[in-house]
$ cat structure.cif   # mmCIF, C-alpha atoms
data_entry
#
loop_
_atom_site.group_PDB
_atom_site.id
_atom_site.type_symbol
_atom_site.label_atom_id
_atom_site.label_comp_id
_atom_site.auth_asym_id
_atom_site.auth_seq_id
_atom_site.Cartn_x
_atom_site.Cartn_y
_atom_site.Cartn_z
ATOM 1 C CA MET A 237 71.573 51.448 86.815
ATOM 2 C CA SER A 238 72.493 54.718 88.429
ATOM 3 C CA ILE A 239 71.987 58.217 87.119
ATOM 4 C CA LEU A 240 75.526 58.244 85.685
ATOM 5 C CA THR A 241 74.691 55.244 83.497
ATOM 6 C CA TYR A 242 71.647 56.904 81.940
ATOM 7 C CA LEU A 243 73.599 60.142 81.436
ATOM 8 C CA GLY A 244 76.483 58.217 79.863
ATOM 9 C CA TYR A 245 74.249 56.327 77.445
ATOM 10 C CA ALA A 246 72.495 59.570 76.460
ATOM 11 C CA MET A 247 75.828 61.310 75.797
ATOM 12 C CA VAL A 248 77.183 58.377 73.769
ATOM 13 C CA THR A 249 73.973 58.270 71.686
ATOM 14 C CA VAL A 250 74.106 61.998 70.920
ATOM 15 C CA GLY A 251 77.825 61.802 70.179
ATOM 16 C CA VAL A 252 77.530 58.866 67.775
ATOM 17 C CA LEU A 253 74.659 60.574 65.938
ATOM 18 C CA PHE A 254 76.753 63.739 65.575
ATOM 19 C CA LEU A 255 79.676 61.697 64.246
ATOM 20 C CA PHE A 256 77.357 60.209 61.614
ATOM 21 C CA LEU A 257 75.956 63.648 60.707
ATOM 22 C CA GLY A 258 79.452 65.057 60.323
ATOM 23 C CA ALA A 259 80.473 62.258 57.984
ATOM 24 C CA LEU A 260 77.231 62.708 56.005
ATOM 25 C CA GLY A 261 77.996 66.420 55.712
ATOM 26 C CA ILE A 262 81.434 65.617 54.341
ATOM 27 C CA PHE A 263 79.844 63.362 51.735
ATOM 28 C CA ARG A 264 77.028 65.729 50.729
ATOM 29 C CA MET A 265 78.435 69.275 50.872
ATOM 30 C CA PRO A 266 79.452 70.931 47.573
ATOM 31 C CA ASP A 267 82.673 72.750 48.472
ATOM 32 C CA VAL A 268 85.938 72.323 50.364
ATOM 33 C CA TYR A 269 85.061 74.994 52.937
ATOM 34 C CA ASN A 270 81.545 73.652 53.510
ATOM 35 C CA ARG A 271 82.991 70.177 53.985
ATOM 36 C CA LEU A 272 85.511 71.632 56.420
ATOM 37 C CA GLN A 273 82.704 73.188 58.492
ATOM 38 C CA ALA A 274 80.650 69.999 58.593
ATOM 39 C CA GLY A 275 83.591 67.706 59.051
ATOM 40 C CA THR A 276 85.367 69.417 61.906
ATOM 41 C CA LYS A 277 82.688 71.075 64.058
ATOM 42 C CA ALA A 278 80.102 68.286 64.096
ATOM 43 C CA THR A 279 82.809 65.651 64.404
ATOM 44 C CA THR A 280 84.426 67.478 67.329
ATOM 45 C CA LEU A 281 81.104 67.624 69.202
ATOM 46 C CA GLY A 282 80.428 63.963 68.436
ATOM 47 C CA ALA A 283 83.847 62.847 69.620
ATOM 48 C CA LEU A 284 83.556 64.879 72.834
ATOM 49 C CA GLY A 285 80.123 63.394 73.571
ATOM 50 C CA THR A 286 81.208 59.830 72.865
ATOM 51 C CA ILE A 287 84.447 60.007 74.872
ATOM 52 C CA ILE A 288 83.009 61.756 77.954
ATOM 53 C CA GLY A 289 79.964 59.457 77.794
ATOM 54 C CA VAL A 290 82.224 56.396 77.979
ATOM 55 C CA GLY A 291 84.030 58.075 80.879
ATOM 56 C CA LEU A 292 80.690 58.440 82.685
ATOM 57 C CA LEU A 293 79.753 54.812 81.981
ATOM 58 C CA GLN A 294 83.057 53.596 83.467
ATOM 59 C CA PRO A 295 83.802 56.036 86.311
ATOM 60 C CA GLU A 296 87.337 54.696 86.953
ATOM 61 C CA TRP A 297 88.284 55.645 83.382
ATOM 62 C CA PHE A 298 86.952 59.159 83.691
ATOM 63 C CA TRP A 299 90.187 61.131 84.072
ATOM 64 C CA LYS A 300 91.973 59.627 81.099
ATOM 65 C CA THR A 301 88.924 60.076 78.854
ATOM 66 C CA LEU A 302 88.749 63.690 80.063
ATOM 67 C CA ILE A 303 92.396 64.130 78.986
ATOM 68 C CA ILE A 304 91.572 62.774 75.512
ATOM 69 C CA ALA A 305 88.519 65.046 75.260
ATOM 70 C CA ILE A 306 90.522 68.150 76.239
ATOM 71 C CA PHE A 307 93.214 67.269 73.731
ATOM 72 C CA ILE A 308 90.630 66.856 70.929
ATOM 73 C CA ALA A 309 88.967 70.149 71.875
ATOM 74 C CA ILE A 310 92.360 71.906 71.618
ATOM 75 C CA SER A 311 93.832 70.194 68.565
ATOM 76 C CA ASN A 312 90.832 69.945 66.195
ATOM 77 C CA PRO A 313 90.386 73.731 65.592
ATOM 78 C CA ILE A 314 94.136 74.029 64.941
ATOM 79 C CA SER A 315 94.071 71.395 62.194
ATOM 80 C CA SER A 316 90.846 72.884 60.786
ATOM 81 C CA HIS A 317 92.478 76.313 60.591
ATOM 82 C CA ALA A 318 95.606 74.899 58.953
ATOM 83 C CA LEU A 319 93.496 73.048 56.352
ATOM 84 C CA ALA A 320 91.412 76.135 55.509
ATOM 85 C CA ARG A 321 94.534 78.306 55.214
ATOM 86 C CA GLY A 322 96.290 75.763 52.999
ATOM 87 C CA SER A 323 93.192 75.363 50.793
ATOM 88 C CA TYR A 324 92.995 79.119 50.339
ATOM 89 C CA LYS A 325 96.679 79.509 49.595
ATOM 90 C CA ILE A 326 96.709 76.911 46.823
ATOM 91 C CA GLY A 327 93.908 78.826 45.110
ATOM 92 C CA ILE A 328 90.640 76.964 45.749
ATOM 93 C CA LYS A 329 87.777 79.470 45.452
ATOM 94 C CA PRO A 330 84.606 79.120 47.542
ATOM 95 C CA ILE A 331 81.297 78.629 45.688
ATOM 96 C CA THR A 332 79.203 81.805 45.982
ATOM 97 C CA LYS A 333 76.348 83.446 44.080
ATOM 98 C CA GLU A 334 78.446 86.455 43.139
ATOM 99 C CA ASP A 335 82.076 85.927 42.425
ATOM 100 C CA ASP A 336 83.247 88.972 44.389
ATOM 101 C CA MET A 337 82.261 87.651 47.798
ATOM 102 C CA ASP A 338 85.871 86.857 48.751
ATOM 103 C CA ALA A 339 86.366 89.117 51.772
ATOM 104 C CA TYR A 340 89.890 87.794 52.313
ATOM 105 C CA ALA A 341 91.149 88.732 48.828
ATOM 106 C CA GLY A 342 92.753 92.097 49.711
ATOM 107 C CA VAL A 343 94.717 90.678 52.615
ATOM 108 C CA LYS A 344 98.283 89.835 51.716
ATOM 109 C CA ILE A 345 99.575 86.607 53.240
ATOM 110 C CA GLU A 346 103.230 87.140 53.992
ATOM 111 C CA ASP A 347 105.650 84.293 54.362
ATOM 112 C CA GLU A 348 107.112 83.468 57.732
ATOM 113 C CA GLU A 349 110.721 83.703 56.602
ATOM 114 C CA LYS A 350 111.740 87.177 55.499
ATOM 115 C CA MET B 205 72.508 48.797 72.450
ATOM 116 C CA THR B 206 76.206 48.849 71.691
ATOM 117 C CA ILE B 207 75.755 47.171 68.301
ATOM 118 C CA PHE B 208 73.689 50.215 67.274
ATOM 119 C CA TYR B 209 76.609 52.493 68.140
ATOM 120 C CA LEU B 210 79.076 50.357 66.203
ATOM 121 C CA ILE B 211 76.802 50.223 63.114
ATOM 122 C CA VAL B 212 76.378 54.029 63.100
ATOM 123 C CA ILE B 213 80.151 54.564 63.449
ATOM 124 C CA ALA B 214 80.753 52.100 60.608
ATOM 125 C CA LEU B 215 78.320 54.063 58.402
ATOM 126 C CA ALA B 216 80.139 57.314 59.295
ATOM 127 C CA ILE B 217 83.491 55.753 58.365
ATOM 128 C CA ILE B 218 82.023 54.529 55.042
ATOM 129 C CA PHE B 219 80.714 58.017 54.099
ATOM 130 C CA ALA B 220 83.938 59.823 55.043
ATOM 131 C CA ALA B 221 86.086 57.244 53.257
ATOM 132 C CA ALA B 222 83.921 57.558 50.131
ATOM 133 C CA ARG B 223 84.583 61.304 50.059
ATOM 134 C CA GLY B 224 88.264 60.595 50.604
ATOM 135 C CA LEU B 225 88.297 58.189 47.664
ATOM 136 C CA LEU B 226 86.360 60.344 45.164
ATOM 137 C CA GLY B 227 87.139 63.876 46.311
ATOM 138 C CA PRO B 228 87.905 66.170 43.371
ATOM 139 C CA THR B 229 90.921 67.963 44.843
ATOM 140 C CA ALA B 230 93.661 66.970 47.272
ATOM 141 C CA SER B 231 92.215 69.330 49.883
ATOM 142 C CA ASP B 232 88.955 67.348 49.957
ATOM 143 C CA ARG B 233 90.851 64.161 50.625
ATOM 144 C CA ILE B 234 92.821 65.696 53.490
ATOM 145 C CA VAL B 235 89.614 67.096 55.034
ATOM 146 C CA ALA B 236 88.047 63.631 54.847
ATOM 147 C CA LEU B 237 91.200 62.145 56.401
ATOM 148 C CA ASP B 238 91.057 64.643 59.285
ATOM 149 C CA SER B 239 87.438 63.727 59.972
ATOM 150 C CA LEU B 240 88.268 60.005 59.734
ATOM 151 C CA THR B 241 90.978 60.300 62.390
ATOM 152 C CA THR B 242 88.572 62.016 64.801
ATOM 153 C CA ILE B 243 85.908 59.348 64.165
ATOM 154 C CA THR B 244 88.504 56.627 64.751
ATOM 155 C CA THR B 245 89.656 58.208 68.043
ATOM 156 C CA ALA B 246 86.090 58.210 69.373
ATOM 157 C CA GLY B 247 85.521 54.709 67.993
ATOM 158 C CA LEU B 248 88.551 53.319 69.823
ATOM 159 C CA VAL B 249 87.245 54.661 73.151
ATOM 160 C CA LEU B 250 83.857 53.095 72.384
ATOM 161 C CA LEU B 251 85.543 49.770 71.532
ATOM 162 C CA ALA B 252 87.370 49.937 74.872
ATOM 163 C CA PHE B 253 83.959 50.134 76.562
ATOM 164 C CA VAL B 254 82.477 47.334 74.458
ATOM 165 C CA PHE B 255 85.343 44.897 75.034
ATOM 166 C CA GLN B 256 86.089 46.145 78.602
ATOM 167 C CA ARG B 257 89.782 46.631 77.799
ATOM 168 C CA TYR B 258 91.427 49.605 79.478
ATOM 169 C CA ILE B 259 94.483 49.473 77.200
ATOM 170 C CA TYR B 260 92.454 50.695 74.191
ATOM 171 C CA VAL B 261 92.010 54.086 75.887
ATOM 172 C CA ASP B 262 95.808 54.503 75.867
ATOM 173 C CA VAL B 263 95.864 53.479 72.203
ATOM 174 C CA SER B 264 93.217 56.129 71.490
ATOM 175 C CA LEU B 265 95.265 58.825 73.256
ATOM 176 C CA VAL B 266 98.432 58.051 71.265
ATOM 177 C CA TYR B 267 96.396 57.808 68.043
ATOM 178 C CA GLY B 268 94.874 61.234 68.660
ATOM 179 C CA VAL B 269 98.285 62.875 69.175
ATOM 180 C CA LEU B 270 99.878 61.214 66.141
ATOM 181 C CA SER B 271 96.918 61.885 63.817
ATOM 182 C CA PHE B 272 96.927 65.570 64.811
ATOM 183 C CA ILE B 273 100.621 65.845 63.923
ATOM 184 C CA GLY B 274 100.030 63.961 60.660
ATOM 185 C CA VAL B 275 97.137 66.158 59.488
ATOM 186 C CA LEU B 276 99.080 69.310 60.395
ATOM 187 C CA THR B 277 102.075 68.069 58.394
ATOM 188 C CA LEU B 278 99.853 67.276 55.392
ATOM 189 C CA ALA B 279 98.269 70.754 55.531
ATOM 190 C CA ARG B 280 101.664 72.455 55.645
ATOM 191 C CA TYR B 281 102.881 70.293 52.779
ATOM 192 C CA MET B 282 99.779 71.138 50.736
ATOM 193 C CA GLU B 283 100.303 74.896 51.041
ATOM 194 C CA GLY B 284 103.971 74.568 50.178
ATOM 195 C CA GLY B 285 105.572 75.619 53.428
ATOM 196 C CA LEU B 286 107.411 72.368 54.112
#
$ encode --input "structure.cif" --output "structure tokens"
Amino acid sequence: MSILTYLGYAMVTVGVLFLFLGALGIFRMPDVYNRLQAGTKATTLGALGTIIGVGLLQPEWFWKTLIIAIFIAISNPISSHALARGSYKIGIKPITKEDDMDAYAGVKIEDEEK
Amino acid sequence: MTIFYLIVIALAIIFAAARGLLGPTASDRIVALDSLTTITTAGLVLLAFVFQRYIYVDVSLVYGVLSFIGVLTLARYMEGGL
């Protein structure tokens, strides 16, 4: 049991707990945008912790797990942004106290093809 | 110790899949699907450690790339740009 083993088990434990909290946030939150926050940020942190923790537990696997972690850290915000943009464009309103809290309402979304 | 990790990941998959089954709009279901693919990518790496099979890490890498492309395609289809 070296120091890398303890560090790996700690990172896998934190990562698995964050994966569970992200899924619980998806189940409990009231709105599409709140679910998007809980389901992409907490899940990204949990996946990074789990994957790099496994790479520390098995040091000969470390570089390939680092590649997977970098790819998740790049690709998850892109899909989150695409989902939020698509949800806004099909007309789903966020739940607020006042109805005029939509700061994005005056911005005109132009199409890509002119 | 590893059975604790697998039980917690199974609970996470159950909660996200429940939101995917009973989400009110299509956007909720796609958000739950996006979260499920990330949970499955991490779970495959953890299964590679539990079973000591190096090939599952490659499976996880390909699954991550393909699920990213799939969720992006679904989001573009939902907003009507496809």
$ resolve_selection --input "structure.cif" --expression "the PyMOL selection byres ((chain A) within 8 of (chain B))" --output "PyMOL selection string"
chain A and resi 249+252-253+255-260+262-263+268+271-272+275-276+279-280+283-284+286-287+290+294+297+300-301+304+308+311-312+315+318-319+321-323+325-326
$ atom_distance --input "structure.cif" --atom1 "CA of Asn270 in chain A" --atom2 "CA of Gly251 in chain A"
20.8 Å
$ atom_distance --input "structure.cif" --atom1 "CA of Gly282 in chain A" --atom2 "CA of Val248 in chain A"
8.4 Å
$ atom_distance --input "structure.cif" --atom1 "CA of Leu243 in chain A" --atom2 "CA of Tyr267 in chain B"
26.5 Å
$ resolve_selection --input "structure.cif" --expression "the PyMOL selection byres ((chain A and resi 244) around 8)" --output "list in words"
Leu240, Thr241, Tyr242, Leu243, Tyr245, Ala246, Met247, Val248, Ile288, Gly289, Val290, Gly291, Leu292 and Leu293 of chain A
$ decode --input "structure.cif" --residues "range 212-228 of chain B" --atoms "N, CA and C atoms" --output "short mmCIF file (atom, residue, chain, number, x, y, z; two decimals), in the first residue's frame"
data_model
loop_
_atom_site.label_atom_id
_atom_site.label_comp_id
_atom_site.auth_asym_id
_atom_site.auth_seq_id
_atom_site.Cartn_x
_atom_site.Cartn_y
_atom_site.Cartn_z
N VAL B 212 -23.08 2.36 -5.42
CA VAL B 212 -23.39 3.80 -5.56
C VAL B 212 -23.58 4.17 -7.02
N ILE B 213 -22.77 3.59 -7.93
CA ILE B 213 -22.95 3.88 -9.36
C ILE B 213 -24.27 3.31 -9.86
N ALA B 214 -24.67 2.14 -9.34
CA ALA B 214 -25.96 1.59 -9.75
C ALA B 214 -27.12 2.47 -9.29
N LEU B 215 -27.01 3.03 -8.06
CA LEU B 215 -28.04 3.97 -7.59
C LEU B 215 -28.09 5.22 -8.46
N ALA B 216 -26.91 5.73 -8.87
CA ALA B 216 -26.88 6.92 -9.73
C ALA B 216 -27.54 6.63 -11.07
N ILE B 217 -27.28 5.45 -11.63
CA ILE B 217 -27.88 5.07 -12.91
C ILE B 217 -29.40 4.95 -12.76
N ILE B 218 -29.86 4.41 -11.61
CA ILE B 218 -31.31 4.27 -11.39
C ILE B 218 -31.98 5.64 -11.32
N PHE B 219 -31.38 6.61 -10.59
CA PHE B 219 -32.00 7.94 -10.49
C PHE B 219 -32.03 8.65 -11.84
N ALA B 220 -30.91 8.61 -12.58
CA ALA B 220 -30.88 9.30 -13.87
C ALA B 220 -31.83 8.65 -14.87
N ALA B 221 -31.92 7.32 -14.84
CA ALA B 221 -32.83 6.64 -15.76
C ALA B 221 -34.29 6.89 -15.41
N ALA B 222 -34.58 7.09 -14.10
CA ALA B 222 -35.95 7.43 -13.71
C ALA B 222 -36.34 8.79 -14.26
N ARG B 223 -35.42 9.77 -14.19
CA ARG B 223 -35.73 11.07 -14.78
C ARG B 223 -35.84 10.97 -16.29
N GLY B 224 -35.06 10.11 -16.91
CA GLY B 224 -35.19 9.92 -18.35
C GLY B 224 -36.50 9.27 -18.73
N LEU B 225 -37.04 8.40 -17.84
CA LEU B 225 -38.31 7.75 -18.18
C LEU B 225 -39.49 8.67 -17.96
N LEU B 226 -39.49 9.49 -16.86
CA LEU B 226 -40.66 10.29 -16.54
C LEU B 226 -40.44 11.79 -16.66
N GLY B 227 -39.44 12.19 -17.48
CA GLY B 227 -39.23 13.62 -17.68
C GLY B 227 -40.39 14.23 -18.45
N PRO B 228 -40.80 15.46 -18.09
CA PRO B 228 -41.98 16.03 -18.75
C PRO B 228 -41.74 16.37 -20.22
#
